[in-house]
$ cat structure36.csv   # CSV, C-alpha atoms
chain,number,residue,atom,x,y,z
K,1,MET,CA,0.0,0.0,0.0
K,2,TYR,CA,1.3,3.4,-1.0
K,3,THR,CA,2.2,5.7,1.9
K,4,ILE,CA,1.0,9.3,1.8
K,5,ALA,CA,3.3,11.8,3.5
K,6,SER,CA,0.6,14.4,4.2
K,7,ASN,CA,-2.0,13.7,6.9
K,8,GLU,CA,-4.3,16.3,5.3
K,9,ILE,CA,-4.3,14.4,2.0
K,10,THR,CA,-4.9,11.1,3.8
K,11,SER,CA,-8.0,12.5,5.4
K,12,ARG,CA,-9.2,13.8,2.1
K,13,ILE,CA,-8.9,10.3,0.6
K,14,GLU,CA,-11.1,8.9,3.4
K,15,SER,CA,-13.7,11.7,2.9
K,16,TYR,CA,-17.0,11.1,1.1
K,17,LYS,CA,-16.5,14.6,-0.4
K,18,ALA,CA,-13.1,13.8,-1.9
K,19,LEU,CA,-12.4,15.7,-5.1
K,20,TRP,CA,-9.9,14.2,-7.5
K,21,GLY,CA,-7.7,15.4,-10.4
K,22,MET,CA,-5.7,13.4,-12.8
K,23,TRP,CA,-2.2,14.5,-13.9
K,24,ILE,CA,-0.5,13.1,-17.0
K,25,GLU,CA,3.0,14.2,-18.0
K,26,ASP,CA,5.4,13.2,-20.8
K,27,ALA,CA,8.0,10.9,-19.2
K,28,GLN,CA,10.8,12.5,-21.2
K,29,SER,CA,10.1,16.2,-20.9
K,30,GLY,CA,8.0,16.3,-17.8
K,31,ALA,CA,5.5,18.5,-19.6
K,32,PRO,CA,1.8,18.1,-18.6
K,33,VAL,CA,-0.6,16.6,-21.1
K,34,ALA,CA,-4.2,17.6,-21.7
K,35,TYR,CA,-4.4,19.1,-18.2
K,36,ASP,CA,-7.9,20.5,-18.7
K,37,GLY,CA,-9.0,17.9,-21.2
K,38,ILE,CA,-8.8,14.6,-19.2
K,39,GLN,CA,-12.3,13.1,-19.5
K,40,ASN,CA,-12.0,9.5,-18.4
K,41,VAL,CA,-9.2,7.2,-17.3
K,42,GLN,CA,-9.5,3.5,-16.4
K,43,THR,CA,-6.6,1.4,-15.1
K,44,ASP,CA,-6.4,-2.4,-14.8
K,45,ILE,CA,-3.8,-4.6,-13.1
K,46,GLN,CA,-3.7,-8.2,-12.1
K,47,ALA,CA,-1.6,-10.5,-10.0
K,48,THR,CA,-2.7,-13.6,-11.9
K,49,SER,CA,-3.2,-14.4,-15.5
K,50,LEU,CA,-5.9,-16.9,-14.6
K,51,SER,CA,-9.5,-15.9,-14.5
K,52,ASP,CA,-10.4,-18.1,-11.6
K,53,ASP,CA,-7.4,-18.8,-9.4
K,54,ILE,CA,-4.4,-17.3,-7.6
K,55,GLU,CA,-1.2,-18.1,-9.4
K,56,LEU,CA,2.5,-18.5,-8.7
K,57,GLY,CA,4.8,-16.7,-11.1
K,58,ALA,CA,2.2,-14.6,-12.9
K,59,VAL,CA,3.8,-11.7,-14.7
K,60,CYS,CA,1.0,-9.4,-15.9
K,61,SER,CA,1.0,-6.1,-17.8
K,62,GLN,CA,-1.0,-3.2,-16.4
K,63,SER,CA,-3.1,-1.3,-18.9
K,64,VAL,CA,-4.7,2.1,-19.1
K,65,THR,CA,-7.5,3.4,-21.3
K,66,ALA,CA,-7.9,7.2,-21.4
K,67,GLU,CA,-10.2,9.6,-23.2
K,68,LEU,CA,-8.8,13.1,-23.7
K,69,VAL,CA,-9.7,16.2,-25.5
K,70,ASP,CA,-7.9,16.1,-28.9
K,71,ASP,CA,-5.5,18.9,-28.9
K,72,GLY,CA,-3.3,17.5,-31.7
K,73,THR,CA,-0.8,15.8,-29.5
K,74,LYS,CA,0.9,12.7,-31.0
K,75,TYR,CA,0.8,10.0,-28.3
K,76,LEU,CA,1.6,6.7,-30.1
K,77,GLY,CA,4.8,5.2,-28.9
K,78,ASN,CA,5.5,7.8,-26.3
K,79,GLU,CA,5.7,7.1,-22.5
K,80,TYR,CA,3.7,9.0,-19.9
K,81,VAL,CA,3.5,9.2,-16.2
K,82,PHE,CA,0.0,9.1,-14.5
K,83,SER,CA,-0.7,10.6,-11.1
K,84,LEU,CA,-3.7,11.4,-9.0
K,85,TYR,CA,-4.1,14.4,-6.7
K,86,THR,CA,-6.8,15.5,-4.3
K,87,LYS,CA,-8.5,18.9,-4.9
K,88,ASP,CA,-9.2,21.3,-2.2
K,89,ALA,CA,-12.8,22.5,-2.8
K,90,THR,CA,-11.7,26.1,-1.8
K,91,SER,CA,-8.7,26.2,-4.1
K,92,SER,CA,-7.7,25.4,-7.6
K,93,ASP,CA,-4.1,24.7,-6.6
K,94,THR,CA,-2.6,21.5,-8.0
K,95,ASN,CA,0.7,21.6,-6.0
K,96,ASP,CA,-0.4,19.1,-3.4
K,97,GLU,CA,1.3,15.8,-3.2
K,98,LYS,CA,0.7,13.7,-6.3
K,99,ILE,CA,0.1,10.0,-6.0
K,100,PRO,CA,1.9,8.1,-8.7
K,101,MET,CA,-0.2,5.6,-10.6
K,102,GLY,CA,2.3,4.3,-13.1
K,103,ARG,CA,4.3,4.8,-16.3
K,104,PHE,CA,2.8,3.7,-19.5
K,105,THR,CA,3.6,3.6,-23.2
K,106,CYS,CA,0.8,4.5,-25.7
K,107,VAL,CA,0.2,1.4,-27.9
K,108,LYS,CA,-3.0,2.5,-29.6
K,109,SER,CA,-4.6,5.9,-30.4
K,110,LYS,CA,-7.9,6.6,-32.1
K,111,LYS,CA,-9.6,10.0,-32.7
K,112,SER,CA,-13.3,10.7,-32.8
K,113,GLY,CA,-15.5,13.7,-32.4
K,114,GLY,CA,-12.9,16.0,-30.9
K,115,SER,CA,-11.7,13.4,-28.5
K,116,VAL,CA,-8.8,10.9,-28.6
K,117,GLN,CA,-9.1,7.4,-27.1
K,118,LEU,CA,-5.7,6.0,-25.9
K,119,THR,CA,-4.7,2.5,-24.9
K,120,MET,CA,-1.5,2.4,-22.8
K,121,ALA,CA,0.5,-0.3,-21.2
K,122,ASP,CA,3.5,-0.7,-19.0
K,123,ARG,CA,6.7,-2.2,-20.5
K,124,LEU,CA,5.7,-5.8,-19.7
K,125,TYR,CA,3.4,-5.4,-22.7
K,126,PHE,CA,6.5,-6.0,-24.8
K,127,SER,CA,7.7,-9.1,-22.9
K,128,ASP,CA,6.1,-11.7,-25.1
K,129,LYS,CA,9.1,-11.5,-27.5
K,130,PRO,CA,11.6,-14.4,-27.4
K,131,TYR,CA,14.3,-14.0,-24.8
K,132,VAL,CA,17.8,-13.9,-26.3
K,133,PRO,CA,20.3,-13.5,-23.4
K,134,HIS,CA,22.7,-10.5,-23.7
K,135,ILE,CA,24.8,-12.1,-20.9
K,136,PRO,CA,26.9,-15.2,-20.7
K,137,MET,CA,25.1,-18.4,-19.7
K,138,PRO,CA,24.9,-20.1,-17.3
K,139,ASN,CA,24.3,-17.2,-14.9
K,140,TRP,CA,22.6,-16.2,-11.6
K,141,ASN,CA,18.9,-15.5,-11.5
K,142,LYS,CA,19.6,-11.9,-10.6
K,143,ALA,CA,21.7,-11.4,-13.7
K,144,VAL,CA,19.0,-12.9,-15.9
K,145,GLU,CA,16.3,-10.7,-14.4
K,146,ASP,CA,18.5,-7.6,-14.8
K,147,ASP,CA,19.1,-8.6,-18.4
K,148,ILE,CA,15.4,-8.9,-19.2
K,149,CYS,CA,14.6,-5.7,-17.5
K,150,ARG,CA,17.3,-3.8,-19.5
K,151,GLN,CA,15.9,-5.3,-22.8
K,152,LEU,CA,12.4,-4.1,-21.8
K,153,GLY,CA,13.6,-0.6,-20.7
K,154,LEU,CA,12.7,-1.3,-17.1
K,155,GLN,CA,14.6,-0.8,-13.9
K,156,ASN,CA,14.8,-3.9,-11.7
K,157,GLY,CA,13.3,-2.8,-8.5
K,158,ASN,CA,14.0,-6.1,-6.6
K,159,ASP,CA,16.6,-5.6,-3.9
K,160,TYR,CA,19.2,-8.5,-4.0
K,161,THR,CA,21.7,-6.7,-1.7
K,162,GLU,CA,19.6,-6.5,1.4
K,163,VAL,CA,19.7,-9.8,3.4
K,164,ARG,CA,16.3,-10.3,5.0
K,165,LEU,CA,14.9,-12.9,7.4
K,166,LEU,CA,12.2,-14.9,5.7
K,167,ARG,CA,8.9,-14.8,7.5
K,168,ASP,CA,5.5,-16.5,7.1
K,169,LYS,CA,2.2,-14.6,6.5
K,170,ASN,CA,1.9,-14.0,10.3
K,171,GLY,CA,5.3,-12.4,10.6
K,172,ARG,CA,7.0,-15.4,12.3
K,173,ARG,CA,10.6,-16.2,11.3
K,174,LEU,CA,11.0,-19.2,9.1
K,175,ILE,CA,13.3,-22.0,10.4
K,176,ASP,CA,14.3,-25.1,8.5
K,177,LYS,CA,14.1,-28.7,10.0
K,178,ASN,CA,17.6,-28.3,11.5
K,179,GLY,CA,16.6,-25.1,13.4
K,180,LYS,CA,18.5,-22.8,11.0
K,181,VAL,CA,17.0,-19.4,10.4
K,182,LEU,CA,16.2,-18.8,6.7
K,183,TYR,CA,17.3,-15.7,4.8
K,184,SER,CA,16.2,-14.4,1.5
K,185,LYS,CA,19.8,-14.9,0.1
K,186,TYR,CA,18.9,-18.5,-0.3
K,187,PHE,CA,16.8,-17.5,-3.2
K,188,TYR,CA,19.9,-17.0,-5.4
K,189,PHE,CA,20.0,-19.8,-7.9
K,190,LYS,CA,21.8,-20.7,-11.1
K,191,VAL,CA,20.0,-20.5,-14.4
K,192,SER,CA,21.8,-23.2,-16.4
K,193,SER,CA,20.3,-22.5,-19.8
K,194,VAL,CA,17.4,-20.9,-21.5
K,195,PRO,CA,14.6,-23.1,-22.8
K,196,LYS,CA,14.0,-23.1,-26.6
K,197,ASP,CA,11.5,-20.4,-27.8
K,198,VAL,CA,11.0,-19.1,-24.2
K,199,THR,CA,9.7,-15.5,-24.0
K,200,MET,CA,10.9,-12.8,-21.6
K,201,ARG,CA,7.6,-13.0,-19.8
K,202,GLN,CA,8.0,-16.7,-19.3
K,203,MET,CA,11.5,-16.3,-18.0
K,204,LEU,CA,10.4,-13.7,-15.5
K,205,SER,CA,7.6,-16.0,-14.5
K,206,TYR,CA,10.1,-18.9,-13.8
K,207,LEU,CA,12.3,-16.5,-11.7
K,208,ALA,CA,9.2,-15.3,-9.8
K,209,SER,CA,7.6,-18.6,-9.1
K,210,ALA,CA,10.9,-20.1,-7.9
K,211,GLN,CA,10.7,-17.5,-5.1
K,212,GLY,CA,7.0,-18.0,-4.4
K,213,GLN,CA,6.0,-14.6,-5.9
K,214,PHE,CA,4.3,-12.9,-8.9
K,215,GLY,CA,5.8,-10.0,-10.9
K,216,TYR,CA,4.5,-6.7,-12.1
K,217,VAL,CA,5.6,-3.1,-12.8
K,218,ASP,CA,5.0,-0.9,-9.8
K,219,ARG,CA,3.7,2.7,-9.8
K,220,TYR,CA,7.2,4.0,-10.3
K,221,GLY,CA,7.7,2.0,-13.5
K,222,LYS,CA,10.0,-0.6,-11.8
K,223,TYR,CA,9.7,-4.3,-12.2
K,224,VAL,CA,9.1,-5.9,-8.7
K,225,ARG,CA,8.1,-9.2,-7.3
K,226,LYS,CA,5.9,-9.9,-4.2
K,227,TRP,CA,3.5,-12.3,-2.6
K,228,TYR,CA,0.4,-11.2,-0.7
K,229,GLY,CA,1.2,-9.2,2.3
K,230,LYS,CA,-0.2,-8.1,5.6
K,231,LEU,CA,-3.6,-6.5,6.2
K,232,VAL,CA,-3.5,-2.8,5.0
K,233,LYS,CA,-7.1,-1.7,5.5
K,234,THR,CA,-10.6,-2.7,6.7
K,235,LEU,CA,-13.5,-2.0,4.4
K,236,ASP,CA,-17.2,-1.9,5.5
K,237,ASN,CA,-20.6,-1.2,3.9
K,238,ASN,CA,-20.2,2.5,4.3
K,239,THR,CA,-17.6,2.7,1.5
K,240,ILE,CA,-18.3,-0.3,-0.7
K,241,ASP,CA,-21.3,-1.9,-2.3
K,242,LEU,CA,-22.2,-5.3,-0.9
K,243,PRO,CA,-19.5,-7.7,-2.1
K,244,THR,CA,-19.9,-11.1,-3.7
K,245,LEU,CA,-18.2,-13.6,-1.4
K,246,SER,CA,-17.4,-17.3,-1.6
K,247,GLU,CA,-19.2,-19.5,0.8
K,248,ARG,CA,-16.0,-20.8,2.3
K,249,GLN,CA,-12.3,-19.9,2.4
K,250,ASN,CA,-9.8,-21.0,-0.1
K,251,VAL,CA,-6.8,-22.6,1.6
K,252,ILE,CA,-3.5,-23.5,-0.1
K,253,VAL,CA,-2.8,-27.0,1.1
K,254,GLY,CA,-0.2,-28.1,-1.4
K,255,ILE,CA,2.0,-27.2,-4.4
K,256,ILE,CA,3.0,-29.3,-7.4
K,257,CYS,CA,5.8,-28.1,-9.7
K,258,LYS,CA,6.6,-29.8,-13.0
K,259,VAL,CA,10.3,-29.4,-13.5
K,260,SER,CA,10.6,-31.5,-16.7
K,261,ASP,CA,8.8,-34.3,-18.4
K,262,ASP,CA,10.5,-36.7,-16.0
K,263,VAL,CA,10.6,-34.7,-12.8
K,264,THR,CA,7.7,-33.4,-10.7
K,265,LEU,CA,8.2,-32.0,-7.2
K,266,SER,CA,5.4,-31.5,-4.6
K,267,LEU,CA,4.9,-30.5,-1.0
K,268,GLY,CA,1.8,-30.5,1.2
K,269,VAL,CA,-1.4,-32.2,0.3
K,270,THR,CA,-1.9,-33.0,-3.4
K,271,ASP,CA,-5.5,-34.1,-3.1
K,272,THR,CA,-7.5,-31.2,-4.6
K,273,THR,CA,-10.6,-32.2,-2.6
K,274,GLN,CA,-8.8,-31.1,0.5
K,275,GLY,CA,-8.2,-27.5,-0.5
K,276,ARG,CA,-6.3,-25.5,-3.1
K,277,VAL,CA,-3.3,-27.1,-4.7
K,278,LEU,CA,-1.2,-24.7,-6.8
K,279,GLU,CA,0.3,-26.3,-9.9
K,280,PHE,CA,2.9,-24.7,-12.1
K,281,GLU,CA,5.9,-25.4,-14.3
K,282,ASN,CA,9.5,-24.3,-13.6
K,283,PRO,CA,12.6,-25.9,-15.1
K,284,TYR,CA,14.8,-24.3,-12.4
K,285,MET,CA,12.9,-25.5,-9.4
K,286,THR,CA,14.8,-27.5,-6.8
K,287,GLU,CA,13.7,-29.2,-3.6
K,288,SER,CA,15.3,-26.5,-1.4
K,289,LEU,CA,13.6,-23.7,-3.4
K,290,LEU,CA,10.3,-25.5,-3.2
K,291,GLN,CA,10.6,-26.0,0.6
K,292,SER,CA,11.5,-22.3,1.1
K,293,LEU,CA,8.5,-21.0,-0.9
K,294,TRP,CA,6.2,-23.5,0.6
K,295,ARG,CA,7.0,-22.2,4.1
K,296,ARG,CA,5.9,-18.8,2.9
K,297,ILE,CA,2.7,-19.7,1.1
K,298,GLY,CA,1.5,-22.9,2.7
K,299,GLY,CA,-1.8,-22.4,4.5
K,300,PHE,CA,-2.5,-19.1,2.9
K,301,SER,CA,-6.3,-18.5,3.0
K,302,TRP,CA,-8.7,-16.1,1.4
K,303,TYR,CA,-12.2,-15.6,0.2
K,304,THR,CA,-13.1,-15.3,-3.4
K,305,THR,CA,-14.5,-11.8,-3.7
K,306,GLU,CA,-15.8,-9.2,-6.0
K,307,LEU,CA,-16.5,-5.7,-4.7
K,308,TYR,CA,-17.0,-2.2,-5.8
K,309,HIS,CA,-15.2,0.4,-3.8
K,310,ARG,CA,-17.2,3.7,-4.1
K,311,LEU,CA,-14.5,5.7,-2.4
K,312,GLY,CA,-11.6,4.4,-4.6
K,313,ASP,CA,-8.4,4.4,-2.6
K,314,PRO,CA,-5.4,5.0,-4.9
K,315,ARG,CA,-3.0,3.8,-2.2
K,316,PHE,CA,-4.0,0.2,-2.9
K,317,ASP,CA,-1.6,-2.0,-4.8
K,318,ILE,CA,-2.1,-5.6,-6.0
K,319,GLY,CA,-0.8,-8.0,-3.4
K,320,ASP,CA,-2.3,-5.9,-0.6
K,321,VAL,CA,-4.7,-7.7,1.7
K,322,VAL,CA,-7.9,-5.9,2.9
K,323,THR,CA,-10.5,-7.1,5.3
K,324,TYR,CA,-14.2,-6.8,4.7
K,325,THR,CA,-16.4,-6.7,7.8
K,326,ASN,CA,-20.2,-6.6,7.8
K,327,GLY,CA,-20.4,-6.0,11.5
K,328,ALA,CA,-20.6,-9.7,12.5
K,329,ASP,CA,-18.0,-11.5,10.3
K,330,SER,CA,-14.7,-10.6,8.7
K,331,TYR,CA,-13.2,-11.8,5.4
K,332,ASP,CA,-9.6,-11.5,4.3
K,333,ILE,CA,-9.3,-10.4,0.7
K,334,PRO,CA,-6.0,-10.4,-1.2
K,335,ILE,CA,-6.2,-8.0,-4.1
K,336,THR,CA,-5.5,-10.0,-7.2
K,337,ASN,CA,-7.3,-7.7,-9.6
K,338,LEU,CA,-7.5,-3.9,-9.2
K,339,GLY,CA,-9.1,-1.4,-11.5
K,340,PHE,CA,-9.5,2.3,-10.9
K,341,THR,CA,-12.0,4.6,-12.8
K,342,PHE,CA,-11.4,8.3,-12.8
K,343,ASP,CA,-14.1,10.5,-14.3
K,344,GLY,CA,-13.9,13.5,-11.9
K,345,GLY,CA,-14.5,11.1,-9.0
K,346,LEU,CA,-12.6,8.0,-8.2
K,347,SER,CA,-13.9,4.4,-7.7
K,348,ALA,CA,-12.3,1.0,-7.7
K,349,ASP,CA,-13.2,-2.6,-8.7
K,350,ILE,CA,-11.4,-5.0,-6.4
K,351,SER,CA,-11.4,-8.8,-6.7
K,352,ALA,CA,-9.7,-11.8,-5.2
K,353,VAL,CA,-10.0,-14.7,-7.6
K,354,GLY,CA,-10.5,-18.3,-6.6
K,355,LEU,CA,-12.3,-21.5,-7.6
K,356,SER,CA,-16.0,-21.7,-6.8
K,357,VAL,CA,-17.2,-24.1,-4.1
K,358,GLU,CA,-18.5,-26.5,-6.8
K,359,GLU,CA,-15.1,-26.5,-8.5
K,360,GLN,CA,-13.4,-27.5,-5.3
K,361,LEU,CA,-15.7,-30.4,-4.5

$ encode --input "structure36.csv" --output "structure tokens"
Amino acid sequence: MYTIASNEITSRIESYKALWGMWIEDAQSGAPVAYDGIQNVQTDIQATSLSDDIELGAVCSQSVTAELVDDGTKYLGNEYVFSLYTKDATSSDTNDEKIPMGRFTCVKSKKSGGSVQLTMADRLYFSDKPYVPHIPMPNWNKAVEDDICRQLGLQNGNDYTEVRLLRDKNGRRLIDKNGKVLYSKYFYFKVSSVPKDVTMRQMLSYLASAQGQFGYVDRYGKYVRKWYGKLVKTLDNNTIDLPTLSERQNVIVGIICKVSDDVTLSLGVTDTTQGRVLEFENPYMTESLLQSLWRRIGGFSWYTTELYHRLGDPRFDIGDVVTYTNGADSYDIPITNLGFTFDGGLSADISAVGLSVEEQL
């Protein structure tokens, strides 16, 4: 969840009378674009490429559609920075703290009736091209990730220099069977070779799933990996429409990884009638990597949810976990899909994907 420096702006975000402005600027020159002519902007980002389930190693592009007054600007192929800011009802000043919403390249532009409709995407949009290493192989996973980011024009925002204690979803330190404290440095591994015809997106997916994470481009335009974090906010019926919720929780009880045609690794329960079993492919998976990621995600639980947040909160990121309470019961909701709509006001569609009860029986 994005942190706001100003307490005043934080209070505005929580207000039913919040007034919003959208700021778009050219990423190269910093010049504002269509300041008075931004009619509608919609953003969409996912933490899973599946329509019905949480996924390890998903690497999804964020997209933006925008309708602006046509002032003759040529957008196609150029990169833009999107930000939101709150408006003070008593002032037209736009110098308040801006909330970054991402960096996007215009991939489609259509004009009609004095308006221009733009489709924009982050740099992962271009990651379905074959991966041709610009580094010697074999090499470490960090070097491969850096290489792909450079080819895509992205900064690698994953910190490999800081050694961190690994913790489970409740914040407890992770310890192996010999009582040894586990650190994130154990996620360094050698990439021996590159599979034939593999794309950059697929390679990033392998690197992310090996560490029990998904990958995406953050609001600063950096490529980052994460797994679902701690609770960031509680939602109630005062700010959202009544959500659609699954009857019972999804619980990850096992993982199955296909390493090759001859090798499959698994941990936990592999009987899908007992709960959610995540299945994925990764040619670089080892038993030690699988054990490390299993300690992080095993037992993770959530409710399949769809909700409409009337007071869209631009601080939310995918991977955040919110709790919905109806006064009697509470439901943990990891944000797997997040879409904002700006049309003068701000709203958000939030969902946590998961198999239906019938599909789990």

$ closest_residue --input "structure36.csv" --among "K:Cys149, K:Ile38, K:Ile13, K:Leu19" --to "Asp70 of chain K" --atoms "only C-alpha atoms"
K:Ile38

$ residues_near_point --input "structure36.csv" --point "(-7.6, -13.6, 0.5)" --cutoff "7 Å" --atoms "all atoms listed in the file" --output "JSON, numbers by chain"
{"K": [301, 302, 303, 304, 321, 332, 333, 334, 352]}

$ residues_around --input "structure36.csv" --residues "Leu278 of chain K" --least-positions-apart "2" --cutoff "10 Å" --atoms "all atoms listed in the file" --output "count of residues only"
16

$ closest_residue --input "structure36.csv" --among "K:Gln62, K:Ser292, K:Gln151, K:Asn158" --to "Thr119 of chain K" --atoms "all atoms listed in the file"
K:Gln62

$ residues_around --input "structure36.csv" --residues "Ala34 of chain K" --least-positions-apart "2" --cutoff "7 Å" --atoms "all atoms listed in the file" --output "number ranges by chain"
K: 32, 36-38, 68-69

$ closest_residue --input "structure36.csv" --among "K:Val132, K:Ile335, K:Leu346, K:Val144" --to "Lys233 of chain K" --atoms "all atoms listed in the file"
K:Ile335

$ closest_residue --input "structure36.csv" --among "K:Ala27, K:Ile318, K:Cys106, K:Cys60" --to "Met200 of chain K" --atoms "all atoms listed in the file"
K:Cys60

$ atom_distance --input "structure36.csv" --atom1 "atom CA of Asp241 of chain K" --atom2 "atom CA of Ala328 of chain K"
16.7 Å
